[in-house]
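Student: Have a look at this one before I ask anything.
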Amino acid sequence: MLVNRLISPLLLLLLAVSAQCVCAEQASVQGTRVWTDPAKTRLVFETSSAITHRVFPLDDPDRLVIDLDDAVMQSNLPKVDLGDPLLVGLRGGVRGGSHLRIVLDLKQPVRAKSFALSPNERYGHRLVIDLTPKDGSSVRRVALPSFPNSAVRKGAGRPGRGPAVIVAIDAGHGGEDPGAIGSGGTLEKDVTLAIARELAKLVDREPGLEALMIRDGDYYVGLQERIAIARERRADLFVSIHADAFSSANAKGSSVYTLSYGGASSEAAKWLASRENSADLIGGVDLSTGDDLLANVLMDMTQNATIEHSTEAAAMVLANLGRLGVVHRGDVQRAGFAVLKAPDVPSILVETAFISNPDEEKRLRDRGHQRELAEAILAGVLGYFRKYPPHGMLVDASPQGGGGGAREYVIGPGDTLSGIAKQHSVSISALRARNGLNDDMIRVGQVLAIPEDS
Ligand SMILES: [Zn+2]
């Protein structure tokens, strides 16, 4: 005991000295990745420790210089995709004996924003450089719109949108964030994008419906930005697509989630939500800017009504997935998923299957199965819109939605009988006759049958 007490301080001192030596060593760049998305080009340097850096532009020709202090290159610089709107290529060299200089050759002047990411379960230290065009041409603006109290649901106060009902389709993960990884090497981000694209194709084929892909490529979009994109386009429904993972390879089946502020519906749901919410840490979001889009004060006004609608949509999607195959849990699950927190857009999250289950992983890669999943989700979405038709939506009144039924139109604020007649290329008299109307009086929420072309 006594010996121990004497030795310990000495050991600590030795450890401290050796730790200092490690710190003084050069950092190494162990990998560099480039991600191109519609709003920006992202460079990620994976480094052995936190790194001091400087970024500055040079012109004629346009270049961006990234100086990394006390650093050594331990990997190759990646080739840049020809289609990248900003980058021609990267080159690097040693500067002043022990520093690194990386030069980006550019297609146009850029604005650069850099931030460091701390290590997490998937990555060590990372330095992120986001490039956007200096003229701001393709920069996606993420605004914080105000919420009138009345805009709880469709219809009221939605200027600037076309007549189409918009389904926002959110392929989970992307870019730096692969999501869950199956034992066969399947990445969740690839599967979610494939299913999302199938769903978008089906949605766009439905009259009156329009798909909005939140991401349509291999890049990361922050969770709050996903919501902001959907809200900016005034989406009527937000469907986030994922593939589940669990420690047991036997877990299987689909689940559908809605947002919960209180407790999650199960421990597993809570665990899953915290895993999905960590996507921003892995995908790379600069959390230092601190603009909290989801301020609680805004949410309280509309969230309850939205959750009710979300639950209805989730139940319909779950029922249709159940027809396709096994469901993991028979009820709609609830948990605090960040991506579902749009205060005024009903939002659901579909865990299509377990990528951690080898059988389901195989099915998730299969084009035919991806399509079947998309069809089941669409059937649920259509069922939801039939029950809660957004303003101006044409609904197919036949129970199966097979396309052969009569068309209906839900009256929204500002609609007139003559406007509706014109929009659907029918005469006012045919419209009146079909609906037994004696005059031109209509009310919001009223459903009109649209006669065949007259
Ligand atoms: Zn996921």
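Here, A, B, ... name the chains of the structure tokens in the order displayed, residue numbers run from 1 inside each chain, and ligands are numbered from 1 in the same displayed order.
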Using only C-alpha atoms and all ligand atoms, which protein or nucleic acid residues are at most 8 Å from ligand 1, as a count of residues only?

Tutor: 13

Student: Just list as a ChimeraX atom specification whatever in region 232-447 of chain A DSSP marks as alpha helix (DSSP H).

Tutor: /A:232,267-277,279-283,296-324,358-365,367-387,417-423,428-435

Student: Write the selection just made, keeping C-alpha atoms, as a PDB file, in the first residue's frame?

Tutor:
```pdb
ATOM      1  CA  GLU A 232     -40.095  25.761 -47.481  1.00  0.00           C
ATOM      2  CA  GLU A 267     -36.909   1.204 -24.714  1.00  0.00           C
ATOM      3  CA  ALA A 268     -36.064  -0.008 -28.208  1.00  0.00           C
ATOM      4  CA  ALA A 269     -37.834   2.991 -29.756  1.00  0.00           C
ATOM      5  CA  LYS A 270     -35.921   5.330 -27.481  1.00  0.00           C
ATOM      6  CA  TRP A 271     -32.637   3.666 -28.352  1.00  0.00           C
ATOM      7  CA  LEU A 272     -33.427   3.791 -32.057  1.00  0.00           C
ATOM      8  CA  ALA A 273     -34.334   7.486 -31.937  1.00  0.00           C
ATOM      9  CA  SER A 274     -31.096   8.367 -30.191  1.00  0.00           C
ATOM     10  CA  ARG A 275     -29.189   6.401 -32.809  1.00  0.00           C
ATOM     11  CA  GLU A 276     -30.973   8.095 -35.717  1.00  0.00           C
ATOM     12  CA  ASN A 277     -30.569  11.479 -34.056  1.00  0.00           C
ATOM     13  CA  ALA A 279     -26.735  11.218 -37.702  1.00  0.00           C
ATOM     14  CA  ASP A 280     -25.835  14.913 -37.505  1.00  0.00           C
ATOM     15  CA  LEU A 281     -22.693  14.085 -35.533  1.00  0.00           C
ATOM     16  CA  ILE A 282     -21.633  11.521 -38.102  1.00  0.00           C
ATOM     17  CA  GLY A 283     -22.901  13.281 -41.226  1.00  0.00           C
ATOM     18  CA  ASN A 296     -40.281  25.201 -28.608  1.00  0.00           C
ATOM     19  CA  VAL A 297     -42.458  28.258 -28.633  1.00  0.00           C
ATOM     20  CA  LEU A 298     -43.201  27.769 -32.311  1.00  0.00           C
ATOM     21  CA  MET A 299     -43.878  24.105 -31.986  1.00  0.00           C
ATOM     22  CA  ASP A 300     -46.485  24.179 -29.261  1.00  0.00           C
ATOM     23  CA  MET A 301     -48.969  26.021 -31.435  1.00  0.00           C
ATOM     24  CA  THR A 302     -49.281  23.430 -34.103  1.00  0.00           C
ATOM     25  CA  GLN A 303     -47.647  20.248 -32.980  1.00  0.00           C
ATOM     26  CA  ASN A 304     -50.627  18.526 -31.419  1.00  0.00           C
ATOM     27  CA  ALA A 305     -52.778  18.742 -34.506  1.00  0.00           C
ATOM     28  CA  THR A 306     -49.853  17.633 -36.623  1.00  0.00           C
ATOM     29  CA  ILE A 307     -49.149  14.600 -34.455  1.00  0.00           C
ATOM     30  CA  GLU A 308     -52.745  13.481 -34.803  1.00  0.00           C
ATOM     31  CA  HIS A 309     -52.426  13.560 -38.573  1.00  0.00           C
ATOM     32  CA  SER A 310     -49.012  11.929 -38.422  1.00  0.00           C
ATOM     33  CA  THR A 311     -50.405   9.060 -36.367  1.00  0.00           C
ATOM     34  CA  GLU A 312     -53.183   8.520 -38.895  1.00  0.00           C
ATOM     35  CA  ALA A 313     -50.711   8.482 -41.794  1.00  0.00           C
ATOM     36  CA  ALA A 314     -48.362   6.162 -39.895  1.00  0.00           C
ATOM     37  CA  ALA A 315     -51.149   3.704 -39.132  1.00  0.00           C
ATOM     38  CA  MET A 316     -52.156   3.532 -42.792  1.00  0.00           C
ATOM     39  CA  VAL A 317     -48.578   3.001 -43.958  1.00  0.00           C
ATOM     40  CA  LEU A 318     -48.014   0.349 -41.291  1.00  0.00           C
ATOM     41  CA  ALA A 319     -51.181  -1.513 -42.306  1.00  0.00           C
ATOM     42  CA  ASN A 320     -49.997  -1.642 -45.913  1.00  0.00           C
ATOM     43  CA  LEU A 321     -46.486  -2.745 -44.965  1.00  0.00           C
ATOM     44  CA  GLY A 322     -48.136  -5.479 -42.914  1.00  0.00           C
ATOM     45  CA  ARG A 323     -49.859  -6.731 -46.046  1.00  0.00           C
ATOM     46  CA  LEU A 324     -46.467  -6.941 -47.740  1.00  0.00           C
ATOM     47  CA  PRO A 358     -29.023 -11.105 -43.228  1.00  0.00           C
ATOM     48  CA  ASP A 359     -32.274 -12.223 -44.924  1.00  0.00           C
ATOM     49  CA  GLU A 360     -33.796  -8.763 -44.764  1.00  0.00           C
ATOM     50  CA  GLU A 361     -30.504  -7.190 -45.850  1.00  0.00           C
ATOM     51  CA  LYS A 362     -30.668  -9.295 -49.006  1.00  0.00           C
ATOM     52  CA  ARG A 363     -34.270  -8.269 -49.631  1.00  0.00           C
ATOM     53  CA  LEU A 364     -33.491  -4.606 -49.050  1.00  0.00           C
ATOM     54  CA  ARG A 365     -30.938  -4.737 -51.877  1.00  0.00           C
ATOM     55  CA  ARG A 367     -34.996  -3.828 -56.751  1.00  0.00           C
ATOM     56  CA  GLY A 368     -38.289  -5.711 -56.807  1.00  0.00           C
ATOM     57  CA  HIS A 369     -38.573  -5.623 -53.024  1.00  0.00           C
ATOM     58  CA  GLN A 370     -37.608  -1.948 -52.904  1.00  0.00           C
ATOM     59  CA  ARG A 371     -40.457  -1.289 -55.284  1.00  0.00           C
ATOM     60  CA  GLU A 372     -42.905  -3.344 -53.209  1.00  0.00           C
ATOM     61  CA  LEU A 373     -41.929  -1.369 -50.115  1.00  0.00           C
ATOM     62  CA  ALA A 374     -42.466   1.879 -52.031  1.00  0.00           C
ATOM     63  CA  GLU A 375     -45.866   0.641 -53.233  1.00  0.00           C
ATOM     64  CA  ALA A 376     -46.919  -0.225 -49.679  1.00  0.00           C
ATOM     65  CA  ILE A 377     -45.835   3.186 -48.414  1.00  0.00           C
ATOM     66  CA  LEU A 378     -47.671   4.889 -51.275  1.00  0.00           C
ATOM     67  CA  ALA A 379     -50.862   2.923 -50.554  1.00  0.00           C
ATOM     68  CA  GLY A 380     -50.730   4.169 -46.958  1.00  0.00           C
ATOM     69  CA  VAL A 381     -50.055   7.739 -48.066  1.00  0.00           C
ATOM     70  CA  LEU A 382     -53.013   7.650 -50.474  1.00  0.00           C
ATOM     71  CA  GLY A 383     -55.231   6.218 -47.756  1.00  0.00           C
ATOM     72  CA  TYR A 384     -54.242   9.091 -45.498  1.00  0.00           C
ATOM     73  CA  PHE A 385     -54.910  11.733 -48.155  1.00  0.00           C
ATOM     74  CA  ARG A 386     -58.288  10.156 -48.880  1.00  0.00           C
ATOM     75  CA  LYS A 387     -59.190  10.595 -45.236  1.00  0.00           C
ATOM     76  CA  LEU A 417     -66.939  27.383 -58.692  1.00  0.00           C
ATOM     77  CA  SER A 418     -65.905  29.001 -61.976  1.00  0.00           C
ATOM     78  CA  GLY A 419     -62.210  28.610 -61.082  1.00  0.00           C
ATOM     79  CA  ILE A 420     -62.652  24.940 -60.285  1.00  0.00           C
ATOM     80  CA  ALA A 421     -64.602  24.383 -63.482  1.00  0.00           C
ATOM     81  CA  LYS A 422     -61.885  26.066 -65.527  1.00  0.00           C
ATOM     82  CA  GLN A 423     -59.101  24.167 -63.742  1.00  0.00           C
ATOM     83  CA  ILE A 428     -69.959  25.307 -64.530  1.00  0.00           C
ATOM     84  CA  SER A 429     -73.370  23.908 -65.367  1.00  0.00           C
ATOM     85  CA  ALA A 430     -71.996  20.348 -65.537  1.00  0.00           C
ATOM     86  CA  LEU A 431     -70.293  20.893 -62.197  1.00  0.00           C
ATOM     87  CA  ARG A 432     -73.533  22.249 -60.670  1.00  0.00           C
ATOM     88  CA  ALA A 433     -75.616  19.435 -62.100  1.00  0.00           C
ATOM     89  CA  ARG A 434     -73.208  16.717 -60.938  1.00  0.00           C
ATOM     90  CA  ASN A 435     -73.237  18.072 -57.363  1.00  0.00           C
TER      91      ASN A 435
END
```

Student: Using only C-alpha atoms, which of A:Asp440, A:Asp216, A:Asp81, A:Asp105 sits nearest Asp170 (chain A)?

Tutor: A:Asp216

Student: Name all residues at most 9 Å from region 237-240 of chain A (count only C-alpha atoms; drop same-chain ones fewer than 6 positions away) and give them as a PyMOL selection string.

Tutor: chain A and resi 165-172+192+196+227+230+310+313+339-340+342+345-351+377+381

Student: Using only C-alpha atoms, pick whichever of A:Leu104, A:Leu86, A:Leu448, A:Ile355 has the shortest atom-to-atom distance to Thr36 (chain A).

Tutor: A:Leu86

Student: Could you check how far CA of Val103 (chain A) sits from CA of Asp67 (chain A), in Å to one decimal?

Tutor: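 Going from CA of Val103 (chain A) over to CA of Asp67 (chain A), I get 8.6 Å.
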
Student: Taking into account only C-alpha atoms, which residue in the set A:Ile181, A:Val191, A:Leu82, A:Leu212 is nearest to Ala245 (chain A)?

Tutor: A:Ile181

Student: Which distance in Å separates CA of Asp439 (chain A) and CA of Ile411 (chain A), to one decimal?

Tutor: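 Interatomic distance, CA of Asp439 (chain A) to CA of Ile411 (chain A): 15.4 Å.
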
Student: Residues within 9 Å of Asp218 (chain A), please, as a VMD selection string. Count only C-alpha atoms; anything in the same chain fewer than 3 positions from it doesn't count.

Tutor: chain A and resid 35 to 37 173 to 176 189 to 190 193 215

Student: Suppose you want the space between CA of Leu77 (chain A) and CA of Leu90 (chain A); what is it in Å?

Tutor: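 CA of Leu90 (chain A) lies 6.7 Å from CA of Leu77 (chain A).
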
Student: Between A:Pro61, A:Pro78, A:Gly262, A:Gly330, single out the one closest to Val44 (chain A), counting only C-alpha atoms.

Tutor: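 Looking only at the distances to Val44 (chain A), the closest residue turns out to be A:Pro78.
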
Student: Which residues in region 47-186 of chain A does DSSP call strand (DSSP E or B)? List them as a ChimeraX atom specification.

Tutor: /A:47,53-58,63-68,71-73,87-95,99-106,110-117,125-133,165-171,174,177,181

Student: Which of these residues is nearest to Asp70 (chain A), using only C-alpha atoms: A:Ala338, A:Ala27, A:Leu58, A:Ala39?

Tutor: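 The shortest atom-to-atom distance to Asp70 (chain A) comes from A:Ala27.
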
Student: From the set A:Arg126, A:Arg33, A:Lys134, A:Asp60, which residue has the shortest atom-to-atom contact distance to Glu46 (chain A), counting only C-alpha atoms?

Tutor: A:Arg126

Student: For Ser356 (chain A), find every residue with an atom within 6 Å (counting only C-alpha atoms), except residues of its own chain fewer than 2 positions away, and show them as a PyMOL selection string.

Tutor: chain A and resi 182+245+249+354
